[in-house]
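Source file work.cif; content: mmCIF, C-alpha atoms.
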data_my_file
#
loop_
_atom_site.label_atom_id
_atom_site.label_comp_id
_atom_site.auth_asym_id
_atom_site.auth_seq_id
_atom_site.Cartn_x
_atom_site.Cartn_y
_atom_site.Cartn_z
CA GLY A 1 -9.92 5.63 13.96
CA ALA A 2 -9.80 4.66 10.26
CA VAL A 3 -9.44 0.93 10.76
CA VAL A 4 -9.74 -1.51 7.89
CA SER A 5 -10.11 -5.22 8.50
CA GLN A 6 -9.73 -8.19 6.20
CA HIS A 7 -11.10 -11.67 6.55
CA PRO A 8 -9.71 -14.23 6.48
CA SER A 9 -6.14 -13.38 7.38
CA TRP A 10 -4.98 -16.51 5.64
CA VAL A 11 -6.58 -19.22 3.55
CA ILE A 12 -5.42 -22.43 1.91
CA CYS A 13 -7.51 -23.88 -0.87
CA LYS A 14 -7.33 -26.54 -3.54
CA SER A 15 -6.69 -25.70 -7.16
CA GLY A 16 -9.93 -25.02 -9.01
CA THR A 17 -11.90 -23.74 -6.05
CA SER A 18 -13.01 -20.17 -5.41
CA VAL A 19 -12.05 -18.04 -2.46
CA LYS A 20 -13.73 -14.90 -1.16
CA ILE A 21 -11.86 -12.23 0.78
CA GLU A 22 -13.70 -9.51 2.67
CA CYS A 23 -12.49 -5.99 3.29
CA ARG A 24 -14.34 -3.82 5.80
CA SER A 25 -13.91 -0.25 6.92
CA LEU A 26 -14.83 -0.49 10.59
CA ASP A 27 -15.26 3.11 11.66
CA PHE A 28 -15.78 5.11 8.50
CA GLN A 29 -17.61 4.97 5.22
CA ALA A 30 -15.35 4.33 2.28
CA THR A 31 -16.37 5.76 -1.05
CA THR A 32 -13.53 3.96 -2.74
CA MET A 33 -11.76 0.72 -1.98
CA PHE A 34 -8.65 -0.65 -3.61
CA TRP A 35 -7.29 -4.16 -4.00
CA TYR A 36 -3.57 -4.83 -4.20
CA ARG A 37 -1.45 -7.88 -4.64
CA GLN A 38 1.96 -8.22 -3.03
CA PHE A 39 4.49 -10.85 -3.98
CA PRO A 40 7.24 -11.83 -1.54
CA LYS A 41 9.89 -9.16 -1.20
CA GLN A 42 8.12 -7.05 -3.78
CA SER A 43 5.95 -4.00 -3.77
CA LEU A 44 2.20 -3.68 -3.89
CA MET A 45 0.59 -3.83 -7.29
CA LEU A 46 -2.83 -2.27 -7.72
CA MET A 47 -5.29 -4.78 -9.09
CA ALA A 48 -8.53 -2.84 -9.13
CA THR A 49 -10.48 0.06 -7.75
CA SER A 50 -14.05 -0.18 -6.62
CA ASN A 51 -16.62 2.45 -5.82
CA GLU A 52 -19.72 1.65 -3.87
CA GLY A 53 -22.56 0.63 -6.12
CA SER A 54 -20.63 0.58 -9.36
CA LYS A 55 -18.46 -1.85 -11.28
CA ALA A 56 -14.83 -2.14 -10.36
CA THR A 57 -12.12 -0.70 -12.57
CA TYR A 58 -9.35 -3.20 -13.22
CA GLU A 59 -5.73 -2.44 -13.97
CA GLN A 60 -4.25 -3.55 -17.23
CA GLY A 61 -3.35 -7.22 -17.16
CA VAL A 62 -5.70 -8.14 -14.33
CA GLU A 63 -8.33 -10.69 -15.34
CA LYS A 64 -11.66 -9.33 -14.21
CA ASP A 65 -13.35 -12.70 -14.65
CA LYS A 66 -10.84 -14.32 -12.34
CA PHE A 67 -10.78 -11.61 -9.69
CA LEU A 68 -14.37 -10.62 -9.03
CA ILE A 69 -14.82 -7.50 -6.97
CA ASN A 70 -18.03 -6.39 -5.34
CA HIS A 71 -18.45 -3.17 -3.38
CA ALA A 72 -21.95 -3.64 -2.06
CA SER A 73 -21.87 -1.04 0.68
CA LEU A 74 -19.80 1.86 1.93
CA THR A 75 -18.12 -0.41 4.45
CA LEU A 76 -17.65 -3.68 2.59
CA SER A 77 -15.83 -4.82 -0.52
CA THR A 78 -15.16 -8.41 -1.48
CA LEU A 79 -12.60 -9.99 -3.75
CA THR A 80 -13.39 -13.45 -5.08
CA VAL A 81 -10.60 -15.41 -6.69
CA THR A 82 -12.40 -17.80 -9.02
CA SER A 83 -11.01 -21.15 -10.07
CA ALA A 84 -7.84 -20.47 -8.14
CA HIS A 85 -4.54 -21.92 -9.31
CA PRO A 86 -1.14 -22.07 -7.61
CA GLU A 87 0.02 -18.96 -9.49
CA ASP A 88 -2.74 -17.01 -7.71
CA SER A 89 -1.02 -17.66 -4.40
CA SER A 90 -0.09 -14.27 -3.02
CA PHE A 91 -0.70 -11.69 -0.34
CA TYR A 92 -3.84 -9.67 -1.09
CA ILE A 93 -4.27 -6.30 0.56
CA CYS A 94 -7.20 -3.94 0.46
CA SER A 95 -7.35 -0.27 1.27
CA ALA A 96 -10.18 2.16 1.77
CA SER A 97 -10.46 5.87 1.18
CA LEU A 98 -13.06 8.32 2.34
CA ALA A 99 -13.31 10.15 -0.95
CA GLY A 100 -10.86 8.45 -3.31
CA GLY A 101 -9.09 11.63 -4.35
CA PRO A 102 -5.38 11.78 -5.21
CA THR A 103 -4.38 13.23 -1.87
CA ASP A 104 -6.81 11.29 0.28
CA THR A 105 -5.19 8.86 2.65
CA GLN A 106 -5.74 5.21 1.89
CA TYR A 107 -6.18 3.09 4.99
CA PHE A 108 -4.88 -0.41 4.53
CA GLY A 109 -6.09 -3.71 5.84
CA PRO A 110 -3.68 -6.26 7.32
CA GLY A 111 -3.78 -8.45 4.23
CA THR A 112 -4.87 -11.98 3.37
CA ARG A 113 -2.36 -14.69 2.58
CA LEU A 114 -3.77 -17.02 -0.09
CA THR A 115 -2.11 -20.35 -0.76
CA VAL A 116 -3.47 -22.48 -3.57
CA LEU A 117 -2.39 -26.12 -3.53
CA ALA B 1 2.85 7.53 -15.87
CA GLN B 2 4.39 7.84 -12.47
CA SER B 3 6.93 5.53 -10.88
CA VAL B 4 8.98 5.30 -7.74
CA THR B 5 12.49 4.02 -7.09
CA GLN B 6 13.65 3.23 -3.59
CA LEU B 7 17.40 2.99 -3.35
CA GLY B 8 18.46 0.18 -1.09
CA SER B 9 16.24 -2.77 -0.36
CA HIS B 10 17.69 -3.11 3.11
CA VAL B 11 19.03 -0.58 5.57
CA SER B 12 20.62 -1.45 8.88
CA VAL B 13 21.16 1.23 11.51
CA SER B 14 22.25 1.34 15.12
CA GLU B 15 19.79 2.41 17.75
CA GLY B 16 20.06 6.16 18.14
CA ALA B 17 21.58 6.68 14.69
CA LEU B 18 20.10 8.59 11.77
CA VAL B 19 17.65 6.75 9.56
CA LEU B 20 17.73 7.79 5.91
CA LEU B 21 15.57 6.08 3.32
CA ARG B 22 15.86 7.25 -0.26
CA CYS B 23 13.03 7.67 -2.71
CA ASN B 24 13.13 9.10 -6.20
CA TYR B 25 10.09 9.50 -8.38
CA SER B 26 9.20 10.21 -11.95
CA SER B 27 6.01 12.00 -12.81
CA SER B 28 4.70 13.96 -15.73
CA VAL B 29 2.74 16.30 -13.47
CA PRO B 30 3.31 17.64 -9.97
CA PRO B 31 3.10 14.55 -7.82
CA TYR B 32 1.61 13.71 -4.50
CA LEU B 33 4.05 11.65 -2.47
CA PHE B 34 3.57 9.30 0.45
CA TRP B 35 5.60 7.19 2.84
CA TYR B 36 3.99 4.13 4.37
CA VAL B 37 5.32 1.72 6.98
CA GLN B 38 4.41 -1.95 7.23
CA TYR B 39 5.08 -3.85 10.43
CA PRO B 40 5.12 -7.64 10.33
CA ASN B 41 1.67 -9.10 9.84
CA GLN B 42 0.07 -5.69 9.75
CA GLY B 43 -1.35 -3.42 7.08
CA LEU B 44 0.41 -0.37 5.72
CA GLN B 45 0.24 2.72 7.89
CA LEU B 46 0.67 6.24 6.56
CA LEU B 47 3.76 7.98 7.94
CA LEU B 48 3.40 11.23 6.04
CA LYS B 49 2.36 12.73 2.73
CA TYR B 50 3.31 15.63 0.51
CA THR B 51 0.44 17.38 -1.23
CA SER B 52 2.11 20.51 -2.67
CA ALA B 53 2.11 22.54 0.50
CA ALA B 54 5.29 22.75 2.59
CA THR B 55 8.22 20.90 1.08
CA LEU B 56 9.35 19.62 4.47
CA VAL B 57 6.71 17.27 5.76
CA LYS B 58 6.59 16.00 9.30
CA GLY B 59 4.95 12.72 10.04
CA ILE B 60 4.28 10.36 12.86
CA ASN B 61 6.85 8.66 15.08
CA GLY B 62 9.44 11.41 14.52
CA PHE B 63 9.80 10.87 10.77
CA GLU B 64 10.00 13.63 8.23
CA ALA B 65 10.59 13.90 4.50
CA GLU B 66 11.63 16.68 2.18
CA PHE B 67 10.27 17.13 -1.32
CA LYS B 68 13.00 18.29 -3.69
CA LYS B 69 11.63 18.94 -7.14
CA SER B 70 15.03 19.59 -8.70
CA GLU B 71 16.24 16.18 -7.55
CA THR B 72 12.85 14.43 -7.97
CA SER B 73 13.36 13.04 -4.50
CA PHE B 74 11.35 12.53 -1.37
CA HIS B 75 13.78 11.01 1.13
CA LEU B 76 12.57 9.93 4.56
CA THR B 77 14.60 10.65 7.68
CA LYS B 78 14.48 10.17 11.40
CA PRO B 79 17.23 11.67 13.58
CA SER B 80 17.43 8.85 16.08
CA ALA B 81 16.41 5.28 15.35
CA HIS B 82 14.45 3.25 17.85
CA MET B 83 14.11 -0.50 17.96
CA SER B 84 10.42 -0.10 17.17
CA ASP B 85 11.33 1.45 13.81
CA ALA B 86 12.25 -1.97 12.42
CA ALA B 87 9.78 -2.49 9.60
CA GLU B 88 9.26 -2.29 5.84
CA TYR B 89 8.94 1.20 4.39
CA PHE B 90 7.27 2.05 1.12
CA CYS B 91 7.39 5.26 -0.86
CA ALA B 92 4.42 5.91 -3.14
CA VAL B 93 3.34 8.48 -5.67
CA SER B 94 0.01 9.49 -7.13
CA GLU B 95 -0.81 12.00 -9.80
CA LEU B 96 -4.12 13.51 -10.74
CA ASP B 97 -5.95 10.27 -10.16
CA TYR B 98 -6.18 8.31 -6.98
CA LYS B 99 -3.90 5.46 -7.93
CA LEU B 100 -0.86 4.86 -5.80
CA SER B 101 2.31 3.53 -7.38
CA PHE B 102 4.59 1.99 -4.80
CA GLY B 103 8.31 1.56 -4.69
CA ALA B 104 9.81 -1.86 -4.01
CA GLY B 105 10.18 -1.15 -0.32
CA THR B 106 13.09 -0.85 2.08
CA THR B 107 13.50 -3.11 5.06
CA VAL B 108 14.92 -1.37 8.10
CA THR B 109 16.65 -3.29 10.84
CA VAL B 110 17.81 -1.59 14.02
CA ARG B 111 20.84 -2.89 15.90
CA ALA B 112 20.97 -2.56 19.64
#
What's the structure tokens form of this structure?
Amino acid sequence: GAVVSQHPSWVICKSGTSVKIECRSLDFQATTMFWYRQFPKQSLMLMATSNEGSKATYEQGVEKDKFLINHASLTLSTLTVTSAHPEDSSFYICSASLAGGPTDTQYFGPGTRLTVL
Amino acid sequence: AQSVTQLGSHVSVSEGALVLLRCNYSSSVPPYLFWYVQYPNQGLQLLLKYTSAATLVKGINGFEAEFKKSETSFHLTKPSAHMSDAAEYFCAVSELDYKLSFGAGTTVTVRA
């Protein structure tokens, strides 16, 4: 149980285009979903937190107009990288939590590798 | 604000030997602590978590970790390494909110 999927698993796009990444909780309803970014050989950095039906909360330094997050249902959150540039190339990982509390387990997706040419 | 330091970016052990991964944290309030494992091309999987109950926490795959407040540590151990333990391991901390702060990760390789 508690499986989270991401689609696509990898994507290559041209500079200036937008890319949408989907995160789905397959067998549970996620009150809260999180989006992380992971650079090579580095740790995960939280980008934003989204709760179903409300606006996402972005971490300091994350451009909310560049990284659009939508949490339309209890099983789906999307991250859209708008006007992507090479510096946006990274590994994007989502996680989902049943209740979003500090001790609740976050279940992670397998990640999406974005390469911007 | 909380933070995590993982000592050693890479650990190499022989099959059957003890695995010890070190994690120290800083937190202004009693923390909640987690260990996650990431296998190649897979998402992070929870190994175990400390939520202010027993200080010795047992997790999956034979791993355990001990919360030591006096040392602000939460080291992960496994008595006998298996080849399947080769992966990236992350220590993480959260405080009163839900946000996880991750350490830089430790890559474990297991020698036959």
Residues of chain B within 7 Å of chain A, only C-alpha atoms counted, as a list in words: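 Going by the stated atoms only, the list reads Tyr32, Asn41, Gln42, Gly43, Leu44, Gln45, Thr51, Ser94, Glu95, Leu96, Asp97, Tyr98, Phe102, Gly103, Ala104 and Gly105 of chain B.
With all atoms listed in the file as the atoms that count, the minimum distance from Asn61 in chain B to the choices B:Arg111, B:His75, B:His82, B:Lys99 is reached by B:His82.
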Computed interatomic separation between CA of Ser84 in chain B and CA of Val13 in chain B (Å):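 Between CA of Ser84 in chain B and CA of Val13 in chain B the gap is 12.2 Å.
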Residues returned when the PyMOL selection byres ((chain B and resi 18) around 12) runs on this file, as number ranges by chain: B: 11-17, 19-21, 62-64, 76-82, 85, 108, 110
Convert the current residue selection to file output with C-alpha atoms, as a tab-separated table (two decimals), in the frame of the given file.
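out-v5.tsv was written with the following content:
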chain	number	residue	atom	x	y	z
B	11	VAL	CA	19.03	-0.58	5.57
B	12	SER	CA	20.62	-1.45	8.88
B	13	VAL	CA	21.16	1.23	11.51
B	14	SER	CA	22.25	1.34	15.12
B	15	GLU	CA	19.79	2.41	17.75
B	16	GLY	CA	20.06	6.16	18.14
B	17	ALA	CA	21.58	6.68	14.69
B	19	VAL	CA	17.65	6.75	9.56
B	20	LEU	CA	17.73	7.79	5.91
B	21	LEU	CA	15.57	6.08	3.32
B	62	GLY	CA	9.44	11.41	14.52
B	63	PHE	CA	9.80	10.87	10.77
B	64	GLU	CA	10.00	13.63	8.23
B	76	LEU	CA	12.57	9.93	4.56
B	77	THR	CA	14.60	10.65	7.68
B	78	LYS	CA	14.48	10.17	11.40
B	79	PRO	CA	17.23	11.67	13.58
B	80	SER	CA	17.43	8.85	16.08
B	81	ALA	CA	16.41	5.28	15.35
B	82	HIS	CA	14.45	3.25	17.85
B	85	ASP	CA	11.33	1.45	13.81
B	108	VAL	CA	14.92	-1.37	8.10
B	110	VAL	CA	17.81	-1.59	14.02
Explicit residue set for the PyMOL selection byres ((chain A and resi 72-79) around 9), as a ChimeraX atom specification: /A:19-35,50-54,67-71,80-81,94,96
Two-atom distance - CA of Val57 in chain B, CA of Tyr36 in chain A (Å):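 These two atoms are separated by 26.3 Å.
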Interatomic distance, CA of Gln60 in chain A to CA of Arg22 in chain B (Å, one decimal):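 For CA of Gln60 in chain A relative to CA of Arg22 in chain B, the distance reads 28.4 Å.
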Contacts of Lys69 in chain B at 12 Å (all atoms listed in the file; same-chain gap of 2+ positions) as a list in words: Asn24, Tyr25, Ser26, Ser27, Val29, Pro30, Pro31, Tyr32, Leu33, Tyr50, Ser52, Thr55, Leu56, Glu66, Phe67, Glu71, Thr72, Ser73, Phe74 and His75 of chain B
Residue members of the PyMOL selection byres ((chain B and resi 36-39) around 9) in the file shown, as a PyMOL selection string: chain B and resi 34-35+40-49+85-92
Go ahead and fit an axis-aligned box to every listed atom of range 12-15 of chain A plus 4 Å each side, and pass me the centre and edge lengths in Å, one decimal, as lines of an AutoDock Vina configuration file.
center_x = -6.5
center_y = -24.5
center_z = -2.6
size_x = 10.1
size_y = 12.1
size_z = 17.1
All residues 6 Å or closer to Lys66 in chain A, all atoms listed in the file, same chain fewer than 2 positions away omitted, as a list in words: Glu63, Lys64, Val81 and Thr82 of chain A
